[in-house]
>>> print(open('data-v5.txt').read())   # compact mmCIF, C-alpha atoms and all ligand atoms
# COMPACT_ATOMS: atom_id res chain seq x y z
CA MET A 292 18.95 1.41 -127.56
CA ASN A 293 20.93 1.80 -124.39
CA GLN A 294 21.10 -1.71 -122.99
CA SER A 295 22.75 -4.60 -124.75
CA ALA A 296 20.45 -6.06 -127.40
CA LEU A 297 19.11 -9.58 -126.90
CA THR A 298 20.47 -11.36 -129.95
CA ALA A 299 20.56 -15.07 -130.67
CA ARG A 300 24.36 -15.08 -130.46
CA ASN A 301 24.43 -13.39 -127.05
CA VAL A 302 22.37 -16.20 -125.53
CA SER A 303 24.15 -19.06 -127.36
CA LEU A 304 21.31 -19.69 -129.79
CA VAL A 305 21.55 -19.91 -133.54
CA SER A 306 18.86 -19.08 -136.08
CA CYS A 307 18.48 -21.55 -138.96
CA PRO A 308 19.33 -19.74 -142.24
CA CYS A 309 16.62 -21.65 -144.10
CA CYS A 310 13.58 -22.31 -141.88
CA HIS A 311 14.39 -19.73 -139.15
CA LEU A 312 14.07 -22.25 -136.32
CA LEU A 313 15.90 -21.03 -133.23
CA CYS A 314 18.30 -23.79 -132.10
CA GLU A 315 20.69 -24.29 -129.23
CA MET A 316 24.35 -23.86 -130.10
CA ARG A 317 25.77 -27.16 -128.85
CA SER A 318 29.45 -27.59 -129.42
CA GLY A 319 31.50 -30.77 -129.21
CA HIS A 320 29.91 -32.86 -131.95
CA GLN A 321 33.32 -34.35 -132.77
CA GLY A 322 33.84 -32.16 -135.77
CA ARG A 323 30.45 -32.96 -137.21
CA PRO A 324 28.85 -29.75 -138.47
CA LEU A 325 25.80 -28.64 -136.54
CA THR A 326 22.62 -28.95 -138.62
CA CYS A 327 19.08 -27.75 -138.12
CA PRO A 328 16.91 -30.51 -136.58
CA ARG A 329 13.94 -29.45 -138.70
CA CYS A 330 15.23 -28.72 -142.22
CA GLY A 331 18.78 -30.08 -142.14
CA ALA A 332 20.54 -26.87 -143.17
CA ALA A 333 24.03 -26.26 -141.73
CA LEU A 334 23.90 -23.94 -138.72
CA HIS A 335 26.39 -21.13 -138.15
CA GLN A 336 25.93 -18.11 -135.93
CA ARG A 337 27.36 -16.00 -138.75
CA LYS A 338 27.94 -17.03 -142.37
CA ILE A 339 31.41 -18.63 -142.51
CA ASN A 340 34.22 -16.34 -143.63
CA SER A 341 31.61 -13.90 -144.82
CA LEU A 342 33.97 -10.92 -145.15
CA ALA A 343 36.81 -12.75 -146.92
CA ARG A 344 34.46 -14.54 -149.34
CA THR A 345 32.47 -11.43 -150.15
CA TRP A 346 35.67 -9.42 -150.72
CA ALA A 347 36.96 -12.10 -153.12
CA LEU A 348 33.70 -12.12 -155.08
CA VAL A 349 33.43 -8.31 -155.18
CA LEU A 350 37.01 -7.97 -156.48
CA ALA A 351 36.42 -10.70 -159.09
CA ALA A 352 33.27 -8.90 -160.23
CA PHE A 353 35.14 -5.55 -160.52
CA VAL A 354 37.73 -7.30 -162.71
CA CYS A 355 35.04 -8.83 -164.97
CA TYR A 356 33.16 -5.54 -165.15
CA ILE A 357 35.89 -4.00 -167.33
CA PRO A 358 35.89 -6.54 -170.23
CA ALA A 359 32.09 -6.75 -169.91
CA ASN A 360 31.91 -3.09 -170.90
CA VAL A 361 34.89 -2.85 -173.25
CA LEU A 362 34.44 -6.03 -175.34
CA PRO A 363 31.62 -6.26 -177.89
CA ILE A 364 28.49 -8.12 -176.80
CA THR A 365 27.09 -8.48 -180.33
CA HIS A 366 28.49 -8.71 -183.86
CA VAL A 367 25.93 -7.68 -186.47
CA THR A 368 26.67 -8.89 -190.03
CA SER A 369 24.53 -7.15 -192.59
CA LEU A 370 25.20 -7.51 -196.32
CA GLY A 371 28.80 -8.51 -195.75
CA HIS A 372 29.49 -5.61 -193.40
CA VAL A 373 30.31 -6.49 -189.75
CA GLN A 374 29.55 -4.12 -186.91
CA SER A 375 30.53 -4.83 -183.31
CA ASP A 376 28.56 -3.31 -180.45
CA THR A 377 29.48 -2.87 -176.81
CA ILE A 378 26.86 -2.16 -174.16
CA MET A 379 27.64 1.57 -174.22
CA SER A 380 27.53 1.82 -178.02
CA GLY A 381 24.09 0.22 -177.86
CA VAL A 382 22.96 2.83 -175.35
CA ILE A 383 24.37 5.64 -177.51
CA TYR A 384 22.66 4.22 -180.61
CA PHE A 385 19.27 4.36 -178.85
CA MET A 386 19.94 7.88 -177.57
CA VAL A 387 20.83 9.13 -181.05
CA SER A 388 17.88 7.40 -182.68
CA GLY A 389 15.54 8.97 -180.13
CA SER A 390 14.50 5.90 -178.11
CA TRP A 391 15.25 7.55 -174.79
CA PRO A 392 13.28 5.14 -172.57
CA ILE A 393 15.09 2.09 -174.01
CA ALA A 394 18.48 3.81 -173.77
CA LEU A 395 17.71 4.55 -170.13
CA VAL A 396 16.55 0.98 -169.37
CA ILE A 397 19.71 -0.55 -170.86
CA PHE A 398 22.00 1.99 -169.22
CA VAL A 399 20.45 1.57 -165.77
CA ALA A 400 20.23 -2.24 -165.91
CA SER A 401 23.58 -2.98 -167.54
CA VAL A 402 25.97 -0.20 -166.53
CA PHE A 403 24.55 1.54 -163.49
CA VAL A 404 23.07 -1.34 -161.43
CA PRO A 405 26.14 -3.63 -161.38
CA LEU A 406 28.42 -0.73 -160.50
CA VAL A 407 26.12 0.58 -157.76
CA LYS A 408 25.78 -2.92 -156.35
CA LEU A 409 29.56 -3.38 -156.23
CA ILE A 410 30.09 0.05 -154.66
CA ILE A 411 27.45 -0.61 -151.98
CA LEU A 412 28.96 -4.01 -151.13
CA THR A 413 32.46 -2.50 -150.93
CA PHE A 414 31.15 0.23 -148.66
CA LEU A 415 29.38 -2.32 -146.43
CA LEU A 416 32.51 -4.49 -146.22
CA ILE A 417 34.72 -1.55 -145.24
CA SER A 418 32.21 -0.21 -142.71
CA VAL A 419 31.86 -3.67 -141.11
CA GLN A 420 35.63 -4.05 -140.90
CA ARG A 421 35.91 -0.66 -139.19
CA LYS A 422 33.32 -1.87 -136.64
CA THR A 423 31.45 1.40 -136.86
CA ASN A 424 27.92 1.61 -135.51
CA TRP A 425 27.04 4.46 -137.84
CA ARG A 426 23.45 4.31 -139.22
CA GLN A 427 23.10 0.55 -138.98
CA LYS A 428 19.46 0.55 -140.03
CA ASP A 429 20.24 2.46 -143.23
CA ARG A 430 23.16 0.18 -144.02
CA THR A 431 20.91 -2.87 -143.60
CA ARG A 432 18.49 -1.19 -146.01
CA LEU A 433 21.35 -0.69 -148.50
CA TYR A 434 22.09 -4.41 -148.25
CA ARG A 435 18.46 -5.23 -149.03
CA ILE A 436 18.68 -3.02 -152.13
CA THR A 437 21.69 -4.96 -153.44
CA GLU A 438 19.75 -8.21 -153.04
CA VAL A 439 16.82 -6.91 -155.10
CA ILE A 440 18.44 -4.96 -157.95
CA GLY A 441 21.18 -7.36 -159.08
CA ARG A 442 18.96 -9.68 -161.12
CA TRP A 443 17.79 -6.86 -163.42
CA SER A 444 21.25 -6.66 -164.97
CA MET A 445 20.43 -9.90 -166.80
CA VAL A 446 18.29 -7.90 -169.26
CA ASP A 447 21.09 -7.43 -171.75
CA ILE A 448 21.95 -11.15 -171.76
CA TYR A 449 18.31 -11.93 -172.60
CA VAL A 450 18.23 -9.28 -175.33
CA VAL A 451 21.32 -10.86 -176.92
CA THR A 452 19.67 -14.32 -176.71
CA ILE A 453 16.51 -13.08 -178.43
CA LEU A 454 18.41 -11.13 -181.12
CA VAL A 455 20.58 -14.14 -181.89
CA ALA A 456 17.47 -16.32 -182.25
CA LEU A 457 15.56 -13.92 -184.50
CA VAL A 458 18.14 -12.25 -186.69
CA LYS A 459 19.59 -15.02 -188.84
CA MET A 460 18.58 -14.00 -192.32
CA GLY A 461 21.62 -15.45 -194.06
CA ALA A 462 23.27 -12.80 -196.22
CA LEU A 463 20.71 -10.16 -195.26
CA ALA A 464 21.52 -9.94 -191.56
CA THR A 465 22.86 -12.16 -188.79
CA ILE A 466 23.67 -11.37 -185.17
CA GLU A 467 26.25 -13.26 -183.15
CA ALA A 468 27.00 -12.94 -179.45
CA GLY A 469 30.38 -11.41 -178.59
CA PRO A 470 32.85 -12.19 -175.78
CA GLY A 471 31.55 -9.25 -173.71
CA ALA A 472 28.38 -11.25 -173.06
CA VAL A 473 30.34 -13.96 -171.22
CA PHE A 474 32.01 -11.44 -168.91
CA PHE A 475 28.74 -9.63 -168.46
CA GLY A 476 26.98 -12.83 -167.37
CA ALA A 477 29.90 -13.49 -165.02
CA VAL A 478 29.46 -10.06 -163.39
CA VAL A 479 25.76 -10.72 -162.74
CA VAL A 480 26.31 -14.21 -161.29
CA ILE A 481 29.34 -13.22 -159.17
CA THR A 482 27.62 -10.15 -157.68
CA MET A 483 24.56 -12.28 -156.83
CA PHE A 484 26.81 -14.73 -154.97
CA ALA A 485 28.57 -11.79 -153.29
CA ALA A 486 25.24 -10.49 -151.93
CA MET A 487 24.42 -14.01 -150.68
CA THR A 488 27.73 -14.52 -148.84
CA PHE A 489 27.60 -11.13 -147.10
CA ASP A 490 26.07 -11.48 -143.64
CA PRO A 491 24.00 -8.38 -142.72
CA ARG A 492 24.13 -9.37 -139.04
CA LEU A 493 27.78 -8.29 -139.05
CA ILE A 494 26.54 -4.71 -139.43
CA TRP A 495 24.88 -5.02 -136.00
CA ASP A 496 27.55 -7.02 -134.18
CA THR A 497 29.72 -4.05 -133.19
CA LYS A 498 27.11 -2.35 -131.04
CA GLU A 499 26.65 -5.41 -128.85
CA GLN A 500 30.38 -5.74 -128.33
CA HIS A 501 30.63 -2.07 -127.34
CA ASN A 502 27.94 -2.51 -124.74
CA GLU A 503 29.19 -5.68 -123.17
CA MET B 884 11.87 -21.59 -127.37
CA ASP B 885 9.51 -22.42 -130.23
CA SER B 886 7.73 -19.14 -129.61
CA LEU B 887 10.91 -17.18 -130.28
CA ILE B 888 12.42 -16.10 -133.58
CA ALA B 889 15.69 -14.32 -134.35
CA CYS B 890 15.79 -11.65 -137.07
CA HIS B 891 17.85 -13.08 -139.94
CA GLU B 892 19.27 -9.68 -140.80
CA CYS B 893 20.34 -8.41 -137.36
CA ASP B 894 19.96 -11.45 -135.04
CA LEU B 895 17.66 -9.71 -132.54
CA ILE B 896 15.33 -12.14 -130.73
CA HIS B 897 11.57 -11.55 -130.89
CA ARG B 898 8.61 -13.37 -129.39
CA ILE B 899 6.24 -14.75 -132.05
CA GLN B 900 2.79 -13.25 -131.57
CA PRO B 901 -0.41 -14.19 -133.39
CA LEU B 902 -1.02 -11.91 -136.35
CA ALA B 903 -4.19 -10.73 -138.07
CA GLU B 904 -4.75 -12.03 -141.60
CA GLY B 905 -2.62 -10.18 -144.11
CA ALA B 906 -0.41 -8.66 -141.40
CA VAL B 907 3.38 -8.72 -141.43
CA ALA B 908 5.65 -8.77 -138.37
CA ARG B 909 8.82 -6.74 -138.77
CA CYS B 910 12.01 -6.58 -136.74
CA SER B 911 11.88 -3.75 -134.22
CA ARG B 912 15.55 -2.91 -134.77
CA CYS B 913 16.27 -3.22 -138.51
CA GLY B 914 12.82 -3.49 -140.09
CA ALA B 915 13.33 -6.88 -141.80
CA VAL B 916 10.23 -9.04 -142.28
CA LEU B 917 10.13 -11.68 -139.51
CA TYR B 918 6.97 -13.62 -140.36
CA CYS B 919 3.54 -13.00 -141.81
CA HIS B 920 0.02 -14.36 -141.87
CA LYS B 921 -1.35 -14.78 -145.36
CA ARG B 922 -4.93 -15.57 -146.23
CA ASN B 923 -5.42 -19.13 -147.54
CA SER B 924 -1.71 -19.31 -148.17
CA LEU B 925 -1.42 -22.99 -149.10
CA ASP B 926 -4.58 -23.17 -151.25
CA ARG B 927 -3.69 -20.06 -153.15
CA THR B 928 -0.11 -21.08 -153.75
CA LEU B 929 -1.23 -24.53 -154.94
CA ALA B 930 -3.67 -22.96 -157.41
CA MET B 931 -0.97 -20.59 -158.69
CA THR B 932 1.48 -23.45 -159.06
CA ILE B 933 -0.90 -25.53 -161.20
CA ALA B 934 -1.79 -22.51 -163.36
CA GLY B 935 1.91 -21.70 -163.60
CA LEU B 936 2.80 -25.18 -164.87
CA ILE B 937 0.15 -25.04 -167.61
CA LEU B 938 1.32 -21.59 -168.71
CA PHE B 939 4.92 -22.75 -168.58
CA VAL B 940 4.19 -25.54 -171.07
CA LEU B 941 2.29 -23.12 -173.33
CA ALA B 942 5.00 -20.47 -173.14
CA ASN B 943 7.69 -22.91 -174.19
CA SER B 944 5.83 -24.79 -176.93
CA PHE B 945 4.97 -21.85 -179.21
CA PRO B 946 7.11 -19.10 -180.70
CA PHE B 947 6.97 -15.92 -178.64
CA LEU B 948 8.09 -13.57 -181.36
CA SER B 949 8.37 -13.67 -185.11
CA MET B 950 10.08 -11.23 -187.40
CA LYS B 951 9.26 -10.45 -191.01
CA ILE B 952 11.77 -9.02 -193.45
CA GLN B 953 10.56 -8.94 -197.04
CA ALA B 954 9.41 -12.51 -197.68
CA GLN B 955 11.38 -14.12 -194.88
CA VAL B 956 9.77 -14.97 -191.56
CA GLN B 957 11.89 -15.94 -188.57
CA GLU B 958 10.16 -17.41 -185.54
CA SER B 959 11.70 -17.81 -182.14
CA THR B 960 10.94 -19.88 -179.09
CA LEU B 961 13.01 -19.51 -175.97
CA LEU B 962 14.96 -22.65 -176.80
CA THR B 963 16.03 -21.47 -180.28
CA GLY B 964 17.99 -18.60 -178.77
CA ILE B 965 19.70 -20.90 -176.28
CA LYS B 966 20.58 -23.42 -179.01
CA GLU B 967 21.91 -20.66 -181.25
CA LEU B 968 24.12 -19.27 -178.45
CA TYR B 969 25.43 -22.77 -177.83
CA ALA B 970 26.14 -23.26 -181.55
CA GLN B 971 28.14 -20.02 -181.54
CA GLY B 972 30.38 -21.37 -178.78
CA MET B 973 28.79 -19.25 -176.03
CA TRP B 974 27.92 -22.25 -173.88
CA GLN B 975 28.39 -20.33 -170.62
CA VAL B 976 25.80 -17.74 -171.64
CA ALA B 977 23.51 -20.44 -173.07
CA LEU B 978 23.67 -22.33 -169.78
CA LEU B 979 22.95 -19.19 -167.74
CA VAL B 980 19.87 -18.39 -169.84
CA LEU B 981 18.69 -22.03 -169.77
CA LEU B 982 18.97 -22.14 -165.98
CA THR B 983 17.39 -18.79 -165.14
CA THR B 984 14.47 -18.85 -167.60
CA ILE B 985 13.62 -22.55 -168.07
CA LEU B 986 15.16 -25.01 -165.62
CA VAL B 987 14.91 -23.09 -162.34
CA PRO B 988 11.30 -21.89 -162.85
CA LEU B 989 10.26 -25.39 -163.96
CA ILE B 990 11.99 -27.18 -161.07
CA GLN B 991 10.51 -24.65 -158.65
CA LEU B 992 6.97 -25.14 -159.93
CA LEU B 993 7.29 -28.94 -159.90
CA SER B 994 8.78 -29.02 -156.39
CA LEU B 995 6.07 -26.71 -155.06
CA LEU B 996 3.45 -29.02 -156.55
CA TYR B 997 5.22 -31.98 -154.94
CA VAL B 998 5.18 -30.24 -151.56
CA LEU B 999 1.74 -28.63 -151.61
CA LEU B 1000 -0.47 -31.28 -153.20
CA PRO B 1001 0.10 -34.01 -150.55
CA ILE B 1002 -0.26 -31.44 -147.73
CA LYS B 1003 -3.61 -30.44 -149.21
CA LEU B 1004 -4.60 -34.14 -149.14
CA ASN B 1005 -3.38 -34.43 -145.53
CA ARG B 1006 -0.36 -36.52 -146.41
CA LYS B 1007 3.32 -36.01 -145.75
CA PRO B 1008 5.42 -35.73 -148.90
CA TRP B 1009 8.55 -37.86 -148.79
CA LYS B 1010 11.72 -35.85 -147.98
CA LEU B 1011 9.61 -32.72 -147.49
CA ALA B 1012 12.33 -30.79 -145.64
CA LEU B 1013 14.97 -31.52 -148.26
CA VAL B 1014 12.75 -30.58 -151.22
CA PHE B 1015 11.42 -27.41 -149.64
CA ARG B 1016 14.90 -26.28 -148.59
CA PHE B 1017 15.92 -26.72 -152.24
CA VAL B 1018 12.94 -24.62 -153.42
CA GLN B 1019 13.90 -21.80 -151.04
CA ARG B 1020 17.51 -21.82 -152.22
CA LEU B 1021 16.55 -21.63 -155.90
CA GLN B 1022 14.34 -18.57 -155.43
CA PRO B 1023 16.87 -15.86 -156.48
CA TRP B 1024 17.76 -17.71 -159.69
CA SER B 1025 14.34 -17.62 -161.32
CA MET B 1026 14.37 -14.54 -163.55
CA MET B 1027 11.25 -14.67 -165.72
CA GLU B 1028 10.31 -11.05 -165.03
CA VAL B 1029 13.73 -9.87 -166.18
CA PHE B 1030 13.36 -11.98 -169.31
CA MET B 1031 10.06 -10.21 -170.06
CA LEU B 1032 11.83 -6.85 -169.94
CA GLY B 1033 14.40 -8.35 -172.32
CA ILE B 1034 11.63 -9.23 -174.79
CA LEU B 1035 10.27 -5.68 -174.68
CA VAL B 1036 13.71 -4.17 -175.27
CA SER B 1037 14.32 -6.57 -178.20
CA ILE B 1038 11.00 -5.65 -179.82
CA VAL B 1039 11.89 -1.97 -179.75
CA LYS B 1040 15.43 -2.71 -180.93
CA LEU B 1041 14.30 -4.71 -183.96
CA ALA B 1042 11.18 -2.70 -184.79
CA GLY B 1043 13.31 -0.39 -186.95
CA MET B 1044 14.59 -3.14 -189.25
CA ALA B 1045 11.62 -5.48 -189.52
CA SER B 1046 8.01 -5.91 -188.50
CA MET B 1047 7.63 -7.82 -185.27
CA VAL B 1048 4.70 -10.16 -184.69
CA PRO B 1049 4.03 -11.27 -181.10
CA GLY B 1050 3.29 -15.00 -180.80
CA ILE B 1051 0.84 -16.87 -178.56
CA SER B 1052 3.48 -17.68 -176.03
CA LEU B 1053 4.30 -14.01 -175.46
CA PHE B 1054 0.92 -13.69 -173.74
CA ALA B 1055 1.50 -16.93 -171.86
CA PHE B 1056 4.83 -15.51 -170.67
CA LEU B 1057 3.16 -12.30 -169.54
CA VAL B 1058 0.54 -14.12 -167.44
CA LEU B 1059 3.14 -16.60 -166.17
CA ILE B 1060 5.24 -13.76 -164.75
CA PHE B 1061 2.27 -12.45 -162.77
CA ILE B 1062 1.43 -15.98 -161.60
CA LEU B 1063 4.99 -16.60 -160.45
CA ALA B 1064 5.06 -13.29 -158.57
CA ALA B 1065 1.65 -14.00 -157.00
CA SER B 1066 2.70 -17.51 -156.00
CA ALA B 1067 5.86 -16.19 -154.32
CA ALA B 1068 3.79 -13.55 -152.53
CA SER B 1069 1.09 -15.94 -151.32
CA LEU B 1070 3.43 -18.61 -149.93
CA ASP B 1071 4.07 -18.53 -146.19
CA PRO B 1072 7.12 -20.81 -145.71
CA HIS B 1073 6.47 -21.18 -141.97
CA LEU B 1074 3.26 -23.09 -142.71
CA ILE B 1075 5.28 -25.67 -144.65
CA TRP B 1076 7.96 -25.90 -141.97
CA GLU B 1077 5.26 -26.54 -139.35
CA GLN B 1078 4.45 -29.75 -141.26
CA VAL B 1079 7.93 -31.12 -140.68
CA GLU B 1080 8.19 -33.31 -137.60
CA PHE B 1081 11.47 -33.30 -135.77
CA LYS B 1082 13.15 -34.08 -132.48
CA ARG B 1083 15.21 -31.49 -130.68
ZN ZN C 1 16.12 -25.14 -140.41
ZN ZN C 2 16.41 -7.19 -137.44
>>> encode(input="data-v5.txt", output="structure tokens", more="lines below")
Ligand SMILES: [Zn+2]
Ligand SMILES: [Zn+2]
Amino acid sequence: MNQSALTARNVSLVSCPCCHLLCEMRSGHQGRPLTCPRCGAALHQRKINSLARTWALVLAAFVCYIPANVLPITHVTSLGHVQSDTIMSGVIYFMVSGSWPIALVIFVASVFVPLVKLIILTFLLISVQRKTNWRQKDRTRLYRITEVIGRWSMVDIYVVTILVALVKMGALATIEAGPGAVFFGAVVVITMFAAMTFDPRLIWDTKEQHNE
Amino acid sequence: MDSLIACHECDLIHRIQPLAEGAVARCSRCGAVLYCHKRNSLDRTLAMTIAGLILFVLANSFPFLSMKIQAQVQESTLLTGIKELYAQGMWQVALLVLLTTILVPLIQLLSLLYVLLPIKLNRKPWKLALVFRFVQRLQPWSMMEVFMLGILVSIVKLAGMASMVPGISLFAFLVLIFILAASAASLDPHLIWEQVEFKR
């Protein structure tokens, strides 16, 4: 594209984040926030403080990612003997016992997906801050991936919930959730919020400024 | 200006053009979906919502899995796991599971029914804009399909130590997941927004 792109911001319009109505950007409402006339959502040309908020959430998620993987997510008590399992030890157990598909599912959903999501978001944040117009379409696609994959990390939380409900055989066997589960849930929730606060339109803003 | 739409992923302005049934309009710059034209969108979504509510009640009233070790049988509904987590002091995790597998899907189904049923009967639901905005915001937090994968993983995990018996509600869950996905796919939000009257 050689000429400046016709974006809503360039012509003082703002797209409603909820119902996608295109509204005029009228300023001077005496500090009252501008809302969509149709659905009532707050209107902003770009999500407010998108970069700072997303950075804060991404860093918080990186911090929680460590205890989520180091601390045990389950304690199995069987005949008086207690065994604590982390996510990785669960994966290794399935690999050793020959359940490769399950080992792969847990590894991808619990270890790989959150990390990939955080790395992609970090990369997007840095590339937006450097105002590069390098492969914007591909970077937007990367953003869409982070929106879709994050939820699948919840699998391990659900597995713990089901195990805890089923395995309570008194002295024979009981399973309790460990502190790792709390941090793990935190990682999933925080990364979902991080993907929501990141504004993909920032990826495209640089090009318009270059052309003006 | 009502015939214009800005891409919500790159802000580029497009003119809204009539689409053939089943077609999707994408942004010419970044490829994001702009709008679509779905066949019988409102009728289909309403049918899915009613079916979904019935399945939801079924799925939560019966045990979805039971486990047999020697003479002991342990049954589990979704709520038992949440209660047990809460009893173990893991209220944060219990709350997260309660929200993503019970409350959010239920609230979503009920709100969709509240929005779609009056529209079908040519009436305007009260506070339509507010309720539908709420439905749209909740969308990412409904995680039934992920929960299903969790059930499968648990079955394999426990199969070594006990015999697992699937309950009635496991099948209800399975169908419910497809219904929820189909209802999300058949809903065209722009049709609902067109029902909202407003002054510029
Ligand atoms: Zn709106
Ligand atoms: Zn676009």
>>> atom_distance(input="data-v5.txt", atom1="atom CA of A:Leu415", atom2="atom CA of A:Val480")
19.3 Å
>>> atom_distance(input="data-v5.txt", atom1="atom CA of A:Thr452", atom2="atom CA of A:Leu409")
25.2 Å
>>> residues_near_ligand(input="data-v5.txt", ligand="ligand ZN 2 (chain C)", cutoff="6 Å", atoms="only C-alpha atoms and all ligand atoms", output="PyMOL selection string")
chain B and resi 890+892-893+895+910+912-915
>>> closest_atom_pairs(input="data-v5.txt", of="chain A", to="ligand ZN 1 (chain C)", cutoff="7 Å", atoms="only C-alpha atoms and all ligand atoms", output="Markdown table")
| residue | atom | partner | partner_atom | distance |
| --- | --- | --- | --- | --- |
| A:Cys307 | CA | C:ZN1 | ZN | 4.5 |
| A:Pro308 | CA | C:ZN1 | ZN | 6.5 |
| A:Cys309 | CA | C:ZN1 | ZN | 5.1 |
| A:Cys310 | CA | C:ZN1 | ZN | 4.1 |
| A:His311 | CA | C:ZN1 | ZN | 5.8 |
| A:Leu312 | CA | C:ZN1 | ZN | 5.4 |
| A:Cys327 | CA | C:ZN1 | ZN | 4.6 |
| A:Pro328 | CA | C:ZN1 | ZN | 6.6 |
| A:Arg329 | CA | C:ZN1 | ZN | 5.1 |
| A:Cys330 | CA | C:ZN1 | ZN | 4.1 |
| A:Gly331 | CA | C:ZN1 | ZN | 5.9 |
| A:Ala332 | CA | C:ZN1 | ZN | 5.5 |
>>> interface_residues(input="data-v5.txt", of="chain A", to="chain B", cutoff="6 Å", atoms="only C-alpha atoms", output="ChimeraX atom specification")
/A:297-299,306,329-330,428,443,446,449-450,452-453,456-457,473,491-492,495
>>> write_last_selection(input="data-v5.txt", atoms="C-alpha atoms", output="PDB file, keeping the file's coordinate frame")
ATOM      1  CA  LEU A 297      19.110  -9.580-126.900  1.00  0.00           C
ATOM      2  CA  THR A 298      20.470 -11.360-129.950  1.00  0.00           C
ATOM      3  CA  ALA A 299      20.560 -15.070-130.670  1.00  0.00           C
ATOM      4  CA  SER A 306      18.860 -19.080-136.080  1.00  0.00           C
ATOM      5  CA  ARG A 329      13.940 -29.450-138.700  1.00  0.00           C
ATOM      6  CA  CYS A 330      15.230 -28.720-142.220  1.00  0.00           C
ATOM      7  CA  LYS A 428      19.460   0.550-140.030  1.00  0.00           C
ATOM      8  CA  TRP A 443      17.790  -6.860-163.420  1.00  0.00           C
ATOM      9  CA  VAL A 446      18.290  -7.900-169.260  1.00  0.00           C
ATOM     10  CA  TYR A 449      18.310 -11.930-172.600  1.00  0.00           C
ATOM     11  CA  VAL A 450      18.230  -9.280-175.330  1.00  0.00           C
ATOM     12  CA  THR A 452      19.670 -14.320-176.710  1.00  0.00           C
ATOM     13  CA  ILE A 453      16.510 -13.080-178.430  1.00  0.00           C
ATOM     14  CA  ALA A 456      17.470 -16.320-182.250  1.00  0.00           C
ATOM     15  CA  LEU A 457      15.560 -13.920-184.500  1.00  0.00           C
ATOM     16  CA  VAL A 473      30.340 -13.960-171.220  1.00  0.00           C
ATOM     17  CA  PRO A 491      24.000  -8.380-142.720  1.00  0.00           C
ATOM     18  CA  ARG A 492      24.130  -9.370-139.040  1.00  0.00           C
ATOM     19  CA  TRP A 495      24.880  -5.020-136.000  1.00  0.00           C
TER      20      TRP A 495
END
>>> residues_around(input="data-v5.txt", residues="A:Ile339", least_positions_apart="6", cutoff="12 Å", atoms="only C-alpha atoms", output="PyMOL selection string")
chain A and resi 333+345+487-490+493
>>> write_last_selection(input="data-v5.txt", atoms="C-alpha atoms", output="short mmCIF file (atom, residue, chain, number, x, y, z; two decimals), in the frame of the given file")
data_model
loop_
_atom_site.label_atom_id
_atom_site.label_comp_id
_atom_site.auth_asym_id
_atom_site.auth_seq_id
_atom_site.Cartn_x
_atom_site.Cartn_y
_atom_site.Cartn_z
CA ALA A 333 24.03 -26.26 -141.73
CA THR A 345 32.47 -11.43 -150.15
CA MET A 487 24.42 -14.01 -150.68
CA THR A 488 27.73 -14.52 -148.84
CA PHE A 489 27.60 -11.13 -147.10
CA ASP A 490 26.07 -11.48 -143.64
CA LEU A 493 27.78 -8.29 -139.05
#
>>> closest_residue(input="data-v5.txt", among="B:Ser1052, B:Phe945, B:Arg922, B:Met1027", to="B:Val987", atoms="all atoms listed in the file")
B:Met1027
>>> residues_around(input="data-v5.txt", residues="A:Phe398", least_positions_apart="2", cutoff="12 Å", atoms="all atoms listed in the file", output="PDB file with C-alpha atoms, in the frame of the given file")
ATOM      1  CA  ASN A 360      31.910  -3.090-170.900  1.00  0.00           C
ATOM      2  CA  THR A 377      29.480  -2.870-176.810  1.00  0.00           C
ATOM      3  CA  ILE A 378      26.860  -2.160-174.160  1.00  0.00           C
ATOM      4  CA  MET A 379      27.640   1.570-174.220  1.00  0.00           C
ATOM      5  CA  SER A 380      27.530   1.820-178.020  1.00  0.00           C
ATOM      6  CA  GLY A 381      24.090   0.220-177.860  1.00  0.00           C
ATOM      7  CA  VAL A 382      22.960   2.830-175.350  1.00  0.00           C
ATOM      8  CA  ILE A 383      24.370   5.640-177.510  1.00  0.00           C
ATOM      9  CA  TYR A 384      22.660   4.220-180.610  1.00  0.00           C
ATOM     10  CA  PHE A 385      19.270   4.360-178.850  1.00  0.00           C
ATOM     11  CA  MET A 386      19.940   7.880-177.570  1.00  0.00           C
ATOM     12  CA  TRP A 391      15.250   7.550-174.790  1.00  0.00           C
ATOM     13  CA  PRO A 392      13.280   5.140-172.570  1.00  0.00           C
ATOM     14  CA  ILE A 393      15.090   2.090-174.010  1.00  0.00           C
ATOM     15  CA  ALA A 394      18.480   3.810-173.770  1.00  0.00           C
ATOM     16  CA  LEU A 395      17.710   4.550-170.130  1.00  0.00           C
ATOM     17  CA  VAL A 396      16.550   0.980-169.370  1.00  0.00           C
ATOM     18  CA  ALA A 400      20.230  -2.240-165.910  1.00  0.00           C
ATOM     19  CA  SER A 401      23.580  -2.980-167.540  1.00  0.00           C
ATOM     20  CA  VAL A 402      25.970  -0.200-166.530  1.00  0.00           C
ATOM     21  CA  PHE A 403      24.550   1.540-163.490  1.00  0.00           C
ATOM     22  CA  VAL A 404      23.070  -1.340-161.430  1.00  0.00           C
ATOM     23  CA  PRO A 405      26.140  -3.630-161.380  1.00  0.00           C
ATOM     24  CA  LEU A 406      28.420  -0.730-160.500  1.00  0.00           C
ATOM     25  CA  TRP A 443      17.790  -6.860-163.420  1.00  0.00           C
ATOM     26  CA  SER A 444      21.250  -6.660-164.970  1.00  0.00           C
ATOM     27  CA  VAL A 446      18.290  -7.900-169.260  1.00  0.00           C
ATOM     28  CA  ASP A 447      21.090  -7.430-171.750  1.00  0.00           C
TER      29      ASP A 447
ATOM     30  CA  VAL B1036      13.710  -4.170-175.270  1.00  0.00           C
TER      31      VAL B1036
END
